[in-house]
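Only one structure is covered here, and it is reproduced in the block below.
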Amino acid sequence: MEDDPMDEICGSKFWDSNLTWYTEDPDLTSCFQKTALVWIPCAFLWALVCFEAYYILNSKFRDIPWNKLNRLKIGLSSSLILLAIADLGYAIHQSSTGYDVYPVDYYTPIVKLTTFSLSVALILFNKKRGLRTSGVLFMFWLLLAVCGTVQFRSEIRKIFFDTSTQTVYTIVSYVLYYIITISLLILNCFADEAPTISEYPLTKDSNPEDGASFLSKLFYMWLEPLVWKGFRTPLETKDLWNISPQNCSKVVVPNFDRHWEKALHKTTSIESQTASFRKMSGSVNFSDEKTKPKKITSVLPALWKAYGSTFLSGALLKLLADILAFVCPQLLSLLIQFVEGNGEVWKGYLYAVLMFTGASLDTLVLTQHFHRMYIALRMSNNARKESTVGEIVNLMSVDAQRFVEITLFICLLWSAPLQIGVALYFLWRILGPSALAGLGMMIIFIPLNGVIASRVKTIQIRQMKSKDERIKIMNEILNGMKVLKLYGWEPSFEQRILKIRNKEVRVLKQAAYLNAATSFVWTCAPFLVSLASFATFILVDENNVLDAQTAFVSLSLFNIIRMPLAMMPMLIVSLTQVSVSIKRMNKFMNVEELDPNNVDHDQSEMNALLKYIYILQGNLAYVPQQAWIRNATLKENILFGKPFEKSLYHRVIEACALKPDIEMLPGGDQIEIGEKGINLSGGQKQRVSLARAVYYGADVYFLDDPLSAVDSHVGKHIFDNVLGPSGMLRKKTRVLVTHSITYLPEVDLIVVLKDGEVTEKGTYKELLEKKGAFADFLMQHLQEIGIENTSSEADGLIGIEDLQENNLSMDSCDSSSLKGMNSGSLRALYMDKEPEDISLLGEKLIEMEKAETGSVKWEVYVHYMRTFGPILCMCTVLFNIIFQGFLVGSNLWLSVWANDLYGAVNDTSHKSTQDLYLGVYGALGFGQVVSTFVCDLCPRLGCWLAARVMHNVMLKGVLRAPLTFFDVTPLGRIISRFSKDVDVLDSSLPQQISDCIFCLFEVIATLFVISYSTPIFVSVILPIALLYYFIQRFYVATSRQLKRLESISRSPIFSHFGETVSGATTIRAYGLRQQFEQESEEKVDLNQRCYYPGIVANRWLAVRLEMIGNFIIFFASLFAVLARKTINPGLVGLSVSYSLQIAGTLNWLVRMTSDVETNIVAVERIKEYGEVKQEAPWELPNSNVPSNWPSEGTVEFRDYKVRYREGLDLILKGISFTIKGGEKVGIVGRTGAGKSSLTLGLFRIIEAAEGSILVDGIDIATLGLHTLRSRLTIIPQDPVLFSGSLRQNLDPFDSLPDEQLWRALEHAHLYTFVKGLPAGLNHEISEGGENLSVGQRQLVCLVRALLRKTKVLILDEATAAVDLETDDLIQRTIREEFKDCTVMTIAHRLNTILDSDRVIVLDKGEVIEFDTPEALLQDRNSVFYGMAKDAGLV
């Protein structure tokens, strides 16, 4: 044998097998100790220095101050440099004095010298660039310490056996070197102090991960304070730390946006567009001069460029973990050889230690891989008008979450084939060509899996489409809940939702069967692969014997294949889901936003004009016709992001007539306004919207009929102080769109539009002189309201004073003077609005969503199991027991088969025995295959049933909740329940419950097999089980609460998003898009603050549980070594091969147990909304109401008292009056008088405290709500329409013939418009009725009233926001069509009730006057006379 080149370097042998392996006292040669054990760690540092350099160069921190830790590191590392110099000097000295000195004595000190110098340089650079810990340096010192142990042992031995002068220096030198190395390893277990300079803004409650050492990060020790706290007390948001600056939206989103914009730029060519408005279609139409087919830009390349480096580092870790996974099967082979043979005992212990070490390294590397692969996809929250709010909510909640989840498993695309390939290589070495039989079996399953995946994808698309549609309609229902309750339409819309949900549920049922089929196929796969391989192995050659080593090493390799094979179907299903989600995201992200050459669709001339002004980048302010109010304080709504200037602010609120409102509130301008301004009247919302525009201080003002919802005196005050020639905006450009003619004489230019075209323009005087369409309309209108001087020959003009005076008489009767004005004031909320609002005066209206604390109550589990079904529960448990029985039986049988080697294998019965073994093994495997299908299908079907029932119960609970529930509950919170929480029930819980039950029985089976094989193992089960239990309890307590907090922090994202979408035009007009994006990002960051600790807690758990599993491997191996003389190799193989699976199974069991417990929170949240306080029953079976009731329309209030809830003051204080059938009665009163309360009481939106209301002699309290509400008719102030056909909006129960609908449309003057639509009655109404004008929407509400045409009609300020022409049409139709009905009109404009039979005047909840208008006007002391006088009528 030739000498090794290393022998010459050392002057002695580099490797000696007799010294190292074939001996009872193993050791390594001196040459190996001085070279390999020193050079390898040093080479490791040099190899990884590039990674360290990358982190140093990309650090965003600077300058760690000098402290004891870094001084000690520098000092000790410098000591090692000096020691290396001393060693080199000693070698030179020894050489000069004639001693034998070899190259190694020079090489090793030089290697040490350069490497330790490098380590000092890295410490200094880390200090300068703000890196508090170094993984590379920690691993270097660890490797150096572990490798140095062997030489340290040798040097200590020399003390006792060799004390020559030559060895004294080397002993002292090495002992010093090793002690310093150990010291540096310990020092590197701690992190340095925080750097003084950071590119990120400093935050309190910083993430402890940022200050954790590498070792702490490796084992997630930095999370333990939070875990302990979560175990002792339920966590709250304040207990959580902020996310790391580099993970904040401010950093992450721009990084993605930069790459996204580049990708868009490559594929998008923007062409100029022109826009024209067509009244008939109610939309702006576009024509491209150059139309190019638009290529869809995918989000994937941008995501890769933004986060690709993270994926790559995670992929490298996965590669390393895959390699380490094959260490244990090779060691198992050696362990079985050891038990079969008579080798040295220390080898058995070495195998046990190596198995533990290999498994532990695999655990740590794999955990870091999953940690790296975590990525939070945040979509840019820009309103794209082609997507409905429901679709966008699903994109944000469901699609984005699926994308996040797939990142954790994306590496399986290459990792699974790699693991299968490597396993097959090792199987070839064991089984030879027989391994190809297994490979063939795998290939057979690929097309089958492809068919299933294709079917799953189709189902997924259908499910997401249905989900979008359901959330969209649910969003509309919640927005229009008041109208639904007033009309009694809840059952129709409930059926619409249930119809869509039933489609979803059918798809989910199909998915349950497909998923069970997938599990069936891939549970078959490992078994059939092993059966095919073993059968081929023993049948192709009679000399092939299936011994313990062949069987169980092969089985452990098959088990490695089992995970990628099992994960592949999940990955394929997830990929199909994600591919659907990516297409939906791509479509959404590619919708063009408003840009300098592009205008998106809208409904009005004002908005089309506004978009073009936006293009010109003008500094403008916009007041929309329907005021957009944020869920914020009154002051914040006015400031709208502008800095507070006290004098300007007070001038603005005075000019906009808000001062009296603010002064009367305990909270003043700090009162919180609810979602969509629920606690403000229409007038208040409009004035706040106007105040916002005035305070903004723009150059150009677009005012879309801002005075329509305010009464006349307020309107005059606002015009004089804000809009008019002497107002605050007198020096600004003002574009006023108005339906009123009151202020036209004072404007500079009038532009008359008709059918989307300009017909006339000029000053008021010029237009009247032209005697065109404008003058004709004006004359006709003024003749109708009784002005006698319209034909004045003097100048042919109508005087400004006449016009204004007479027009004032049309308007509100609410205020006696501006000073005493309460019209539309915030007090109205507490007097006339919904009950919950009263107690919240000056307080927070929208309460924070409450988080349950502690363990999920058992009643939640019981509730879920009841909906699950007892039969399916029992079947699930039974078939899991049967499956594990077959699985354990087949492996025990394999052990028996392998051990038959020690019997007579060459006798004549050998072939028949082999056939018996093979047949029984196959039969037991077939039992596994059948039982696994059933034990996977049962829980999925149970979860499907539970999801269906619980959604329906929640829907029923929400639709039957009183209106006050919706006033104090943000819509985003309710939508979150119907989207994310229902998705958890549909998609997450079935898989988790199935896996949880499966893993539980697998763990029990594994412990049984190991205990059966090595009974002494029972002694460690109890301590391991206790340790496992405590870790699991620690984790679940924290993880569960984090899940709850994350769920709660998610709702505000949706609420803010919905609010932003609805106010998109306003936000863009003010140029505040960035501010709202920032607010959205802050809410996302808060959500991530709750989400990220949950992700890390999973890793914390994985490390600890898998380490417990690794100890089980260690003990199973150790006990096999100890009992090698009494145990057969088959049982060793069985025991250890089972233990190799336990780590992953234990981890997965706790993960799934925890996931079930954290996701069962969704059940808890859905159950909560299913049990909200309900209003009275819709129908009373025993109520015998005549079918034609009310036939007369007599309405009688008898000592009627009402309060909004128990403990509050009465709002109506014992009012009594009778309205005769067919009477027309106006209801007036100053704000707070109780007008709205009277209406709400009549419809039983609020219930009587005392007294009663009788309609045709029947007490309405004895009726079901729908019986009552369906027999009354109301035309509400806000015209609410729903998406769907026009017919559905008019007749949601589809109970009326077309002829009746057309007749009603004709009476409401909509016949021509609807007839002109291509689809007629089936014309699709867009979300919120946005493709109709406000006037058309109000006329649709009139059609609803005409179709119902009951004997009692209530008009609730029905014409406050429509143009004069529409108002006239509505009033005329009501007079004609409801002439025989009782009509109760809540009046804002006195002229609408002057022709009433009688007038009710309310004040402070009491009826103070009730007589004919004539009689009341004749009494100069009457309150009504005072109102008429203020309005200029007398």
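By order in the structure tokens, chains are A, B, ...; within a chain, residues start at 1; ligands start at 1, following the order shown.
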**Message:** Quick check for you: according to DSSP on this backbone, which residues of segment 1203-1386 of chain A are classed as helix (DSSP H, G or I)? Reply as a ChimeraX atom specification.
**Reply:** /A:1235-1242,1260-1262,1265-1270,1286-1290,1298-1307,1311-1315,1320-1322,1327-1329,1334-1348,1364-1377
Selection to disk with C-alpha atoms, as a short mmCIF file (atom, residue, chain, number, x, y, z; two decimals), in the first residue's frame:
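Resulting contents of again_1.cif:
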data_model
loop_
_atom_site.label_atom_id
_atom_site.label_comp_id
_atom_site.auth_asym_id
_atom_site.auth_seq_id
_atom_site.Cartn_x
_atom_site.Cartn_y
_atom_site.Cartn_z
CA LYS A 1235 -90.70 62.13 14.21
CA SER A 1236 -88.37 59.30 13.18
CA SER A 1237 -89.12 57.44 16.40
CA LEU A 1238 -92.78 57.44 15.46
CA THR A 1239 -91.98 55.82 12.09
CA LEU A 1240 -89.60 53.30 13.67
CA GLY A 1241 -92.26 52.43 16.22
CA LEU A 1242 -94.91 51.92 13.54
CA ILE A 1260 -99.45 45.66 15.88
CA ALA A 1261 -97.56 44.11 18.86
CA THR A 1262 -99.65 40.96 18.38
CA LEU A 1265 -92.89 41.54 12.08
CA HIS A 1266 -93.23 40.53 8.45
CA THR A 1267 -96.99 40.37 8.66
CA LEU A 1268 -96.88 43.97 9.87
CA ARG A 1269 -94.14 45.32 7.60
CA SER A 1270 -95.52 43.70 4.46
CA LEU A 1286 -84.38 45.39 -12.05
CA ARG A 1287 -87.15 42.87 -11.58
CA GLN A 1288 -85.44 41.45 -8.46
CA ASN A 1289 -85.23 44.98 -7.08
CA LEU A 1290 -88.95 45.51 -7.61
CA ASP A 1298 -94.90 41.40 -15.75
CA GLU A 1299 -98.01 43.39 -16.63
CA GLN A 1300 -98.29 44.67 -13.08
CA LEU A 1301 -94.61 45.67 -13.04
CA TRP A 1302 -94.91 47.57 -16.34
CA ARG A 1303 -98.04 49.34 -15.12
CA ALA A 1304 -96.27 50.48 -11.96
CA LEU A 1305 -93.25 51.64 -14.01
CA GLU A 1306 -95.59 53.65 -16.22
CA HIS A 1307 -97.20 55.35 -13.22
CA TYR A 1311 -91.72 53.04 -18.44
CA THR A 1312 -89.88 54.76 -21.32
CA PHE A 1313 -86.49 54.44 -19.64
CA VAL A 1314 -86.87 50.71 -18.85
CA LYS A 1315 -88.42 49.95 -22.26
CA GLY A 1320 -85.88 45.56 -20.07
CA LEU A 1321 -86.97 44.27 -16.65
CA ASN A 1322 -83.93 41.99 -16.60
CA GLU A 1327 -73.72 47.17 -6.84
CA GLY A 1328 -75.56 49.93 -4.93
CA GLY A 1329 -77.51 50.89 -8.06
CA VAL A 1334 -80.15 59.26 -7.82
CA GLY A 1335 -83.47 60.41 -9.26
CA GLN A 1336 -83.98 57.12 -11.11
CA ARG A 1337 -83.20 55.21 -7.93
CA GLN A 1338 -85.82 57.19 -6.02
CA LEU A 1339 -88.35 56.48 -8.77
CA VAL A 1340 -87.56 52.76 -8.45
CA CYS A 1341 -88.43 53.09 -4.74
CA LEU A 1342 -91.70 54.71 -5.81
CA VAL A 1343 -92.40 51.70 -8.08
CA ARG A 1344 -91.86 49.42 -5.07
CA ALA A 1345 -94.49 51.42 -3.17
CA LEU A 1346 -96.91 51.28 -6.12
CA LEU A 1347 -96.51 47.52 -6.37
CA ARG A 1348 -97.19 47.00 -2.68
CA LEU A 1364 -87.16 69.41 -8.82
CA GLU A 1365 -88.47 67.52 -11.83
CA THR A 1366 -88.24 64.13 -10.09
CA ASP A 1367 -89.73 65.63 -6.93
CA ASP A 1368 -92.68 66.89 -8.92
CA LEU A 1369 -93.17 63.48 -10.56
CA ILE A 1370 -93.11 61.67 -7.20
CA GLN A 1371 -95.54 64.10 -5.52
CA ARG A 1372 -97.97 63.94 -8.47
CA THR A 1373 -97.88 60.13 -8.58
CA ILE A 1374 -98.46 59.85 -4.82
CA ARG A 1375 -101.44 62.22 -5.03
CA GLU A 1376 -102.97 60.22 -7.87
CA GLU A 1377 -102.13 56.61 -6.97
#
Compile the contact shell of segment 491-494 of chain A as a CSV table (one decimal) with all heavy atoms, in the first residue's frame: residues with an atom at most 9 Å away, counting only C-alpha atoms, same-chain residues fewer than 6 positions apart removed.
chain,number,residue,atom,x,y,z
A,473,ILE,N,-73.1,39.8,-2.4
A,473,ILE,CA,-74.5,40.0,-2.0
A,473,ILE,C,-74.6,40.3,-0.5
A,473,ILE,O,-75.4,41.1,-0.1
A,473,ILE,CB,-75.4,38.8,-2.4
A,473,ILE,CG1,-75.4,38.7,-4.0
A,473,ILE,CG2,-76.8,38.9,-1.9
A,473,ILE,CD1,-76.1,37.5,-4.5
A,474,MET,N,-73.8,39.5,0.3
A,474,MET,CA,-73.8,39.7,1.7
A,474,MET,C,-73.4,41.2,2.1
A,474,MET,O,-74.0,41.8,3.0
A,474,MET,CB,-72.9,38.8,2.4
A,474,MET,CG,-73.1,38.6,3.9
A,474,MET,SD,-74.7,37.7,4.2
A,474,MET,CE,-75.3,38.7,5.6
A,477,ILE,N,-76.4,43.3,1.3
A,477,ILE,CA,-77.4,43.1,2.3
A,477,ILE,C,-77.1,43.9,3.6
A,477,ILE,O,-78.0,44.6,4.1
A,477,ILE,CB,-77.6,41.6,2.7
A,477,ILE,CG1,-78.3,40.9,1.5
A,477,ILE,CG2,-78.4,41.4,4.0
A,477,ILE,CD1,-78.3,39.4,1.7
A,484,LEU,N,-84.2,46.6,3.9
A,484,LEU,CA,-84.7,45.2,3.9
A,484,LEU,C,-85.7,45.0,5.1
A,484,LEU,O,-86.7,44.3,4.9
A,484,LEU,CB,-83.5,44.2,4.1
A,484,LEU,CG,-82.6,44.0,2.9
A,484,LEU,CD1,-81.6,42.9,3.2
A,484,LEU,CD2,-83.4,43.6,1.6
A,955,LEU,N,-76.2,33.1,9.3
A,955,LEU,CA,-77.0,34.0,8.4
A,955,LEU,C,-78.3,34.3,9.0
A,955,LEU,O,-78.8,35.4,9.0
A,955,LEU,CB,-77.1,33.3,7.1
A,955,LEU,CG,-77.9,34.0,6.0
A,955,LEU,CD1,-77.2,35.3,5.6
A,955,LEU,CD2,-78.2,33.1,4.8
A,956,LYS,N,-78.9,33.3,9.6
A,956,LYS,CA,-80.3,33.4,10.2
A,956,LYS,C,-80.2,34.4,11.4
A,956,LYS,O,-81.0,35.3,11.5
A,956,LYS,CB,-80.8,32.1,10.7
A,956,LYS,CG,-82.2,32.1,11.2
A,956,LYS,CD,-82.7,30.7,11.7
A,956,LYS,CE,-84.0,30.8,12.3
A,956,LYS,NZ,-84.5,29.5,12.8
A,959,LEU,N,-79.5,38.1,10.0
A,959,LEU,CA,-80.7,38.7,9.4
A,959,LEU,C,-81.8,39.0,10.4
A,959,LEU,O,-82.6,39.9,10.1
A,959,LEU,CB,-81.2,37.8,8.3
A,959,LEU,CG,-80.3,37.7,7.0
A,959,LEU,CD1,-80.9,36.7,6.0
A,959,LEU,CD2,-80.1,39.1,6.4
A,1292,PRO,N,-88.7,41.1,-5.2
A,1292,PRO,CA,-87.7,40.1,-4.9
A,1292,PRO,C,-88.3,38.7,-4.7
A,1292,PRO,O,-87.5,37.7,-4.8
A,1292,PRO,CB,-87.1,40.6,-3.6
A,1292,PRO,CG,-88.2,41.5,-3.1
A,1292,PRO,CD,-88.9,42.1,-4.2
A,1293,PHE,N,-89.6,38.5,-4.4
A,1293,PHE,CA,-90.2,37.2,-4.2
A,1293,PHE,C,-90.7,36.6,-5.5
A,1293,PHE,O,-91.2,35.5,-5.5
A,1293,PHE,CB,-91.3,37.3,-3.1
A,1293,PHE,CG,-90.9,37.7,-1.8
A,1293,PHE,CD1,-91.0,39.0,-1.3
A,1293,PHE,CD2,-90.3,36.8,-0.9
A,1293,PHE,CE1,-90.5,39.4,-0.1
A,1293,PHE,CE2,-89.8,37.1,0.4
A,1293,PHE,CZ,-90.0,38.4,0.8
**Message:** List the spatial neighbours of Thr1066 of chain A as an NGL selection string - criterion: any atom at most 10 Å away, only C-alpha atoms, same-chain residues fewer than 6 positions off excluded.
**Reply:** :A and (610 or 621-624 or 627-628 or 689 or 1060 or 1072-1073)
**Asked** What is the distance, in Å and to one decimal place, between atom CA of Lys266 of chain A and atom CA of Leu300 of chain A?
**Response**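 These two atoms are separated by 14.5 Å.
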**Asked** So which residues touch Leu1118 of chain A within 9 Å, counting only C-alpha atoms, skipping near sequence neighbours fewer than 2 positions away, as a VMD selection string?
**Response** chain A and resid 348 to 349 351 to 353 1113 to 1116 1120 to 1123
Output N, CA, C and O atoms of each residue in that selection to a file, as a PDB file, in the first residue's frame.
ATOM      1  N   GLY A 348     -22.128   0.433  18.842  1.00  0.00           N
ATOM      2  CA  GLY A 348     -23.578   0.543  19.003  1.00  0.00           C
ATOM      3  C   GLY A 348     -23.956   1.886  19.607  1.00  0.00           C
ATOM      4  O   GLY A 348     -24.890   2.553  19.146  1.00  0.00           O
ATOM      5  N   TYR A 349     -23.190   2.271  20.652  1.00  0.00           N
ATOM      6  CA  TYR A 349     -23.455   3.574  21.270  1.00  0.00           C
ATOM      7  C   TYR A 349     -23.196   4.706  20.274  1.00  0.00           C
ATOM      8  O   TYR A 349     -23.923   5.711  20.234  1.00  0.00           O
ATOM      9  N   TYR A 351     -23.511   4.543  17.013  1.00  0.00           N
ATOM     10  CA  TYR A 351     -24.626   4.599  16.061  1.00  0.00           C
ATOM     11  C   TYR A 351     -25.829   5.322  16.673  1.00  0.00           C
ATOM     12  O   TYR A 351     -26.501   6.115  16.006  1.00  0.00           O
ATOM     13  N   ALA A 352     -26.101   5.017  17.960  1.00  0.00           N
ATOM     14  CA  ALA A 352     -27.245   5.650  18.638  1.00  0.00           C
ATOM     15  C   ALA A 352     -27.039   7.160  18.726  1.00  0.00           C
ATOM     16  O   ALA A 352     -27.961   7.946  18.448  1.00  0.00           O
ATOM     17  N   VAL A 353     -25.801   7.577  19.097  1.00  0.00           N
ATOM     18  CA  VAL A 353     -25.496   9.014  19.217  1.00  0.00           C
ATOM     19  C   VAL A 353     -25.565   9.679  17.845  1.00  0.00           C
ATOM     20  O   VAL A 353     -26.104  10.784  17.704  1.00  0.00           O
ATOM     21  N   ILE A1113     -35.864   8.306  19.143  1.00  0.00           N
ATOM     22  CA  ILE A1113     -34.956   7.567  18.238  1.00  0.00           C
ATOM     23  C   ILE A1113     -33.733   7.096  19.023  1.00  0.00           C
ATOM     24  O   ILE A1113     -33.313   5.933  18.909  1.00  0.00           O
ATOM     25  N   PHE A1114     -33.171   8.013  19.817  1.00  0.00           N
ATOM     26  CA  PHE A1114     -31.963   7.694  20.586  1.00  0.00           C
ATOM     27  C   PHE A1114     -32.210   6.532  21.558  1.00  0.00           C
ATOM     28  O   PHE A1114     -31.427   5.576  21.622  1.00  0.00           O
ATOM     29  N   PHE A1115     -33.319   6.632  22.307  1.00  0.00           N
ATOM     30  CA  PHE A1115     -33.604   5.589  23.301  1.00  0.00           C
ATOM     31  C   PHE A1115     -33.957   4.270  22.639  1.00  0.00           C
ATOM     32  O   PHE A1115     -33.564   3.198  23.125  1.00  0.00           O
ATOM     33  N   ALA A1116     -34.695   4.316  21.537  1.00  0.00           N
ATOM     34  CA  ALA A1116     -35.013   3.071  20.817  1.00  0.00           C
ATOM     35  C   ALA A1116     -33.722   2.395  20.349  1.00  0.00           C
ATOM     36  O   ALA A1116     -33.563   1.174  20.462  1.00  0.00           O
ATOM     37  N   ALA A1120     -31.934  -0.980  22.005  1.00  0.00           N
ATOM     38  CA  ALA A1120     -31.642  -2.090  21.086  1.00  0.00           C
ATOM     39  C   ALA A1120     -30.193  -2.548  21.255  1.00  0.00           C
ATOM     40  O   ALA A1120     -29.903  -3.741  21.217  1.00  0.00           O
ATOM     41  N   VAL A1121     -29.274  -1.591  21.481  1.00  0.00           N
ATOM     42  CA  VAL A1121     -27.858  -1.929  21.696  1.00  0.00           C
ATOM     43  C   VAL A1121     -27.699  -2.684  23.010  1.00  0.00           C
ATOM     44  O   VAL A1121     -27.006  -3.716  23.090  1.00  0.00           O
ATOM     45  N   LEU A1122     -28.369  -2.181  24.054  1.00  0.00           N
ATOM     46  CA  LEU A1122     -28.250  -2.811  25.374  1.00  0.00           C
ATOM     47  C   LEU A1122     -28.829  -4.228  25.381  1.00  0.00           C
ATOM     48  O   LEU A1122     -28.351  -5.096  26.113  1.00  0.00           O
ATOM     49  N   ALA A1123     -29.895  -4.433  24.577  1.00  0.00           N
ATOM     50  CA  ALA A1123     -30.576  -5.739  24.588  1.00  0.00           C
ATOM     51  C   ALA A1123     -30.212  -6.576  23.367  1.00  0.00           C
ATOM     52  O   ALA A1123     -30.968  -7.456  22.968  1.00  0.00           O
TER      53      ALA A1123
END
**Item:** Pick from A:Phe1034, A:Asp936, A:Ile1024, A:Cys656 nearest to Gln992 of chain A, counting only C-alpha atoms
**Value:**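 With only C-alpha atoms as the atom set, the closest residue is A:Asp936.
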